[in-house]
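Asks: Sharing query_4.cif below, mmCIF, C-alpha atoms:
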```
data_query
#
loop_
_atom_site.group_PDB
_atom_site.id
_atom_site.type_symbol
_atom_site.label_atom_id
_atom_site.label_comp_id
_atom_site.auth_asym_id
_atom_site.auth_seq_id
_atom_site.Cartn_x
_atom_site.Cartn_y
_atom_site.Cartn_z
ATOM 1 C CA MET P 20 0.000 0.000 0.000
ATOM 2 C CA THR P 21 1.379 3.396 -1.023
ATOM 3 C CA THR P 22 1.131 6.287 1.396
ATOM 4 C CA LEU P 23 0.697 9.670 -0.264
ATOM 5 C CA THR P 24 2.013 12.718 1.516
ATOM 6 C CA LEU P 25 -0.124 15.843 1.541
ATOM 7 C CA CYS P 26 1.650 18.924 0.281
ATOM 8 C CA PRO P 27 1.597 21.936 2.604
ATOM 9 C CA PRO P 28 1.351 25.340 0.873
ATOM 10 C CA TYR P 29 5.005 26.232 1.546
ATOM 11 C CA GLU P 30 6.155 23.077 -0.265
ATOM 12 C CA ALA P 31 3.696 23.725 -3.103
ATOM 13 C CA LEU P 32 5.164 27.211 -3.525
ATOM 14 C CA ASP P 33 8.680 25.775 -3.534
ATOM 15 C CA LEU P 34 7.686 23.268 -6.235
ATOM 16 C CA CYS P 35 6.032 26.023 -8.287
ATOM 17 C CA ILE P 36 9.187 28.131 -8.187
ATOM 18 C CA LYS P 37 11.483 25.216 -9.026
ATOM 19 C CA LEU P 38 9.412 23.459 -11.688
ATOM 20 C CA LEU P 39 8.304 26.627 -13.481
ATOM 21 C CA ASP P 40 11.774 28.177 -13.144
ATOM 22 C CA LEU P 41 10.368 31.331 -11.569
ATOM 23 C CA GLU P 42 12.558 34.191 -10.400
ATOM 24 C CA VAL P 43 12.016 34.861 -6.715
ATOM 25 C CA LYS P 44 13.260 38.429 -7.095
ATOM 26 C CA SER P 45 10.578 39.181 -9.678
ATOM 27 C CA ILE P 46 7.837 37.575 -7.571
ATOM 28 C CA ALA P 47 8.996 39.443 -4.474
ATOM 29 C CA THR P 48 8.972 42.758 -6.321
ATOM 30 C CA LYS P 49 5.484 42.183 -7.764
ATOM 31 C CA ALA P 50 4.131 41.058 -4.391
ATOM 32 C CA GLY P 51 5.862 43.743 -2.365
ATOM 33 C CA VAL P 52 7.496 41.239 -0.014
ATOM 34 C CA SER P 53 11.158 40.539 0.570
ATOM 35 C CA GLU P 54 13.052 37.710 -1.072
ATOM 36 C CA SER P 55 14.203 36.575 2.362
ATOM 37 C CA GLN P 56 10.587 36.355 3.559
ATOM 38 C CA ILE P 57 9.741 34.132 0.580
ATOM 39 C CA SER P 58 12.859 32.043 1.214
ATOM 40 C CA ARG P 59 11.994 31.487 4.883
ATOM 41 C CA TYR P 60 8.415 30.557 3.948
ATOM 42 C CA ARG P 61 9.566 28.103 1.250
ATOM 43 C CA LYS P 62 11.749 26.342 3.821
ATOM 44 C CA GLY P 63 8.868 26.136 6.309
ATOM 45 C CA LYS P 64 10.783 28.325 8.760
ATOM 46 C CA ALA P 65 8.290 31.220 8.885
ATOM 47 C CA ASP P 66 4.675 31.997 8.174
ATOM 48 C CA MET P 67 3.496 34.909 6.099
ATOM 49 C CA GLY P 68 0.766 37.295 7.057
ATOM 50 C CA THR P 69 -2.515 36.870 5.219
ATOM 51 C CA GLU P 70 -2.141 40.027 3.137
ATOM 52 C CA SER P 71 1.472 39.273 2.160
ATOM 53 C CA PHE P 72 0.529 35.723 1.232
ATOM 54 C CA ARG P 73 -2.415 36.932 -0.864
ATOM 55 C CA LYS P 74 -0.123 39.355 -2.719
ATOM 56 C CA LEU P 75 2.442 36.597 -3.210
ATOM 57 C CA ILE P 76 -0.120 34.293 -4.813
ATOM 58 C CA GLN P 77 -1.372 37.130 -7.035
ATOM 59 C CA ALA P 78 2.207 37.719 -8.245
ATOM 60 C CA LEU P 79 2.547 34.138 -9.502
ATOM 61 C CA PRO P 80 1.876 33.068 -13.098
ATOM 62 C CA GLU P 81 -1.566 31.551 -13.679
ATOM 63 C CA LYS P 82 -0.487 27.896 -13.530
ATOM 64 C CA ALA P 83 1.262 28.385 -10.185
ATOM 65 C CA LYS P 84 -1.576 30.517 -8.853
ATOM 66 C CA ASN P 85 -4.083 27.770 -9.672
ATOM 67 C CA VAL P 86 -1.990 25.151 -7.874
ATOM 68 C CA MET P 87 -1.586 27.340 -4.795
ATOM 69 C CA VAL P 88 -5.298 28.125 -4.583
ATOM 70 C CA LYS P 89 -6.220 24.470 -5.024
ATOM 71 C CA CYS P 90 -3.683 23.464 -2.381
ATOM 72 C CA LEU P 91 -5.065 26.022 0.063
ATOM 73 C CA VAL P 92 -8.734 25.351 -0.581
ATOM 74 C CA SER P 93 -8.779 21.573 -0.775
ATOM 75 C CA GLU P 94 -5.921 20.973 1.662
ATOM 76 C CA GLU P 95 -5.703 17.516 0.112
ATOM 77 C CA MET P 96 -3.199 17.920 -2.715
ATOM 78 C CA THR P 97 -0.293 15.532 -2.634
ATOM 79 C CA LYS P 98 3.184 16.426 -3.825
ATOM 80 C CA GLU P 99 2.556 14.144 -6.785
ATOM 81 C CA GLU P 100 -0.606 16.072 -7.726
ATOM 82 C CA VAL P 101 1.210 19.386 -7.443
ATOM 83 C CA PHE P 102 4.002 18.054 -9.659
ATOM 84 C CA LEU P 103 1.539 16.759 -12.262
ATOM 85 C CA SER P 104 -0.430 20.037 -12.258
ATOM 86 C CA LEU P 105 2.734 22.030 -12.911
ATOM 87 C CA THR P 106 4.260 19.775 -15.557
ATOM 88 C CA LYS P 107 1.316 19.063 -17.828
#
```
Turn this file's structure into structure tokens for me.
Replies:
Amino acid sequence: MTTLTLCPPYEALDLCIKLLDLEVKSIATKAGVSESQISRYRKGKADMGTESFRKLIQALPEKAKNVMVKCLVSEEMTKEEVFLSLTK
């Protein structure tokens, strides 16, 4: 039996940035948050405030935005589903 691991939003964001080859500097500038804040969040070392997180998601390209929203709303996306959503 295979156990699937649910993907927390910070890991989904990390996968979005890596798989879509996104520039953190550009996202940070568009969102009005610091690169270091995004870095700490991606590593699971810090939370973001609601408004900063909303701006961050809005700064992402559509494919990444859709994955992040789905991950947040359903709270049941696995890492495999995130990967498949970003690579198809």
Asks: Would you pick out the contacts of Leu103 (chain P) at 12 Å or less, using all atoms listed in the file, so that residues sharing its chain but fewer than 2 positions from it are not included, and give the list as a PyMOL selection string?
Replies: chain P and resi 31+34-35+38+82-83+86+96-101+105-107
Asks: Could you state which residues are captured by the PyMOL selection byres ((chain P and resi 27) around 10) in this file, as a PyMOL selection string?
Replies: chain P and resi 24-26+28-32+63+87+90-91+94-98
Asks: Which of these residues is nearest to Glu81 (chain P), using only C-alpha atoms: P:Leu39, P:Phe102, P:Ser58, P:Ala65?
Replies: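 Using only C-alpha atoms, Glu81 (chain P) sits closest to P:Leu39.
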Asks: Can you tell me which residues surround region 42-52 of chain P at a distance of at most 9 Å, considering only C-alpha atoms, apart from same-chain residues fewer than 3 positions away, and format the answer as a VMD selection string?
Replies: chain P and resid 36 55 to 58 71 to 79
Asks: Quick one: axis-aligned box around all listed atoms of region 82-99 of chain P, 5 Å on every side, centre and edge lengths in Å to one decimal, written as AutoDock Vina command-line options.
Replies:
```
--center_x -2.8 --center_y 22.3 --center_z -5.9 --size_x 22.0 --size_y 26.4 --size_z 25.2
```
Asks: Where atoms are absent from region 91-105 of chain P, fill them in so it carries N, CA and C atoms, then output it as a compact mmCIF listing (two decimals), in the coordinates of the input.
Replies:
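Written output follows (result.txt):
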```
# COMPACT_ATOMS: atom_id res chain seq x y z
N LEU P 91 -4.53 25.35 -1.12
CA LEU P 91 -5.07 26.02 0.06
C LEU P 91 -6.52 25.67 0.33
N VAL P 92 -7.30 25.58 -0.73
CA VAL P 92 -8.73 25.35 -0.58
C VAL P 92 -9.04 23.90 -0.25
N SER P 93 -8.44 22.98 -0.99
CA SER P 93 -8.78 21.57 -0.78
C SER P 93 -8.01 20.97 0.40
N GLU P 94 -6.82 21.49 0.63
CA GLU P 94 -5.92 20.97 1.66
C GLU P 94 -5.70 19.47 1.53
N GLU P 95 -5.88 18.95 0.32
CA GLU P 95 -5.70 17.52 0.11
C GLU P 95 -4.81 17.20 -1.08
N MET P 96 -4.09 18.18 -1.59
CA MET P 96 -3.20 17.92 -2.72
C MET P 96 -1.94 17.23 -2.22
N THR P 97 -1.55 16.20 -2.95
CA THR P 97 -0.29 15.53 -2.63
C THR P 97 0.82 16.19 -3.43
N LYS P 98 2.05 15.90 -3.07
CA LYS P 98 3.18 16.43 -3.82
C LYS P 98 3.13 15.94 -5.27
N GLU P 99 2.67 14.71 -5.45
CA GLU P 99 2.56 14.14 -6.78
C GLU P 99 1.53 14.92 -7.61
N GLU P 100 0.41 15.30 -7.00
CA GLU P 100 -0.61 16.07 -7.73
C GLU P 100 -0.12 17.47 -8.07
N VAL P 101 0.63 18.07 -7.17
CA VAL P 101 1.21 19.39 -7.44
C VAL P 101 2.17 19.26 -8.62
N PHE P 102 3.05 18.27 -8.58
CA PHE P 102 4.00 18.05 -9.66
C PHE P 102 3.28 17.87 -10.99
N LEU P 103 2.28 17.01 -11.02
CA LEU P 103 1.54 16.76 -12.26
C LEU P 103 0.82 18.02 -12.76
N SER P 104 0.26 18.80 -11.86
CA SER P 104 -0.43 20.04 -12.26
C SER P 104 0.53 21.04 -12.88
N LEU P 105 1.76 21.05 -12.41
CA LEU P 105 2.73 22.03 -12.91
C LEU P 105 3.45 21.57 -14.17
```
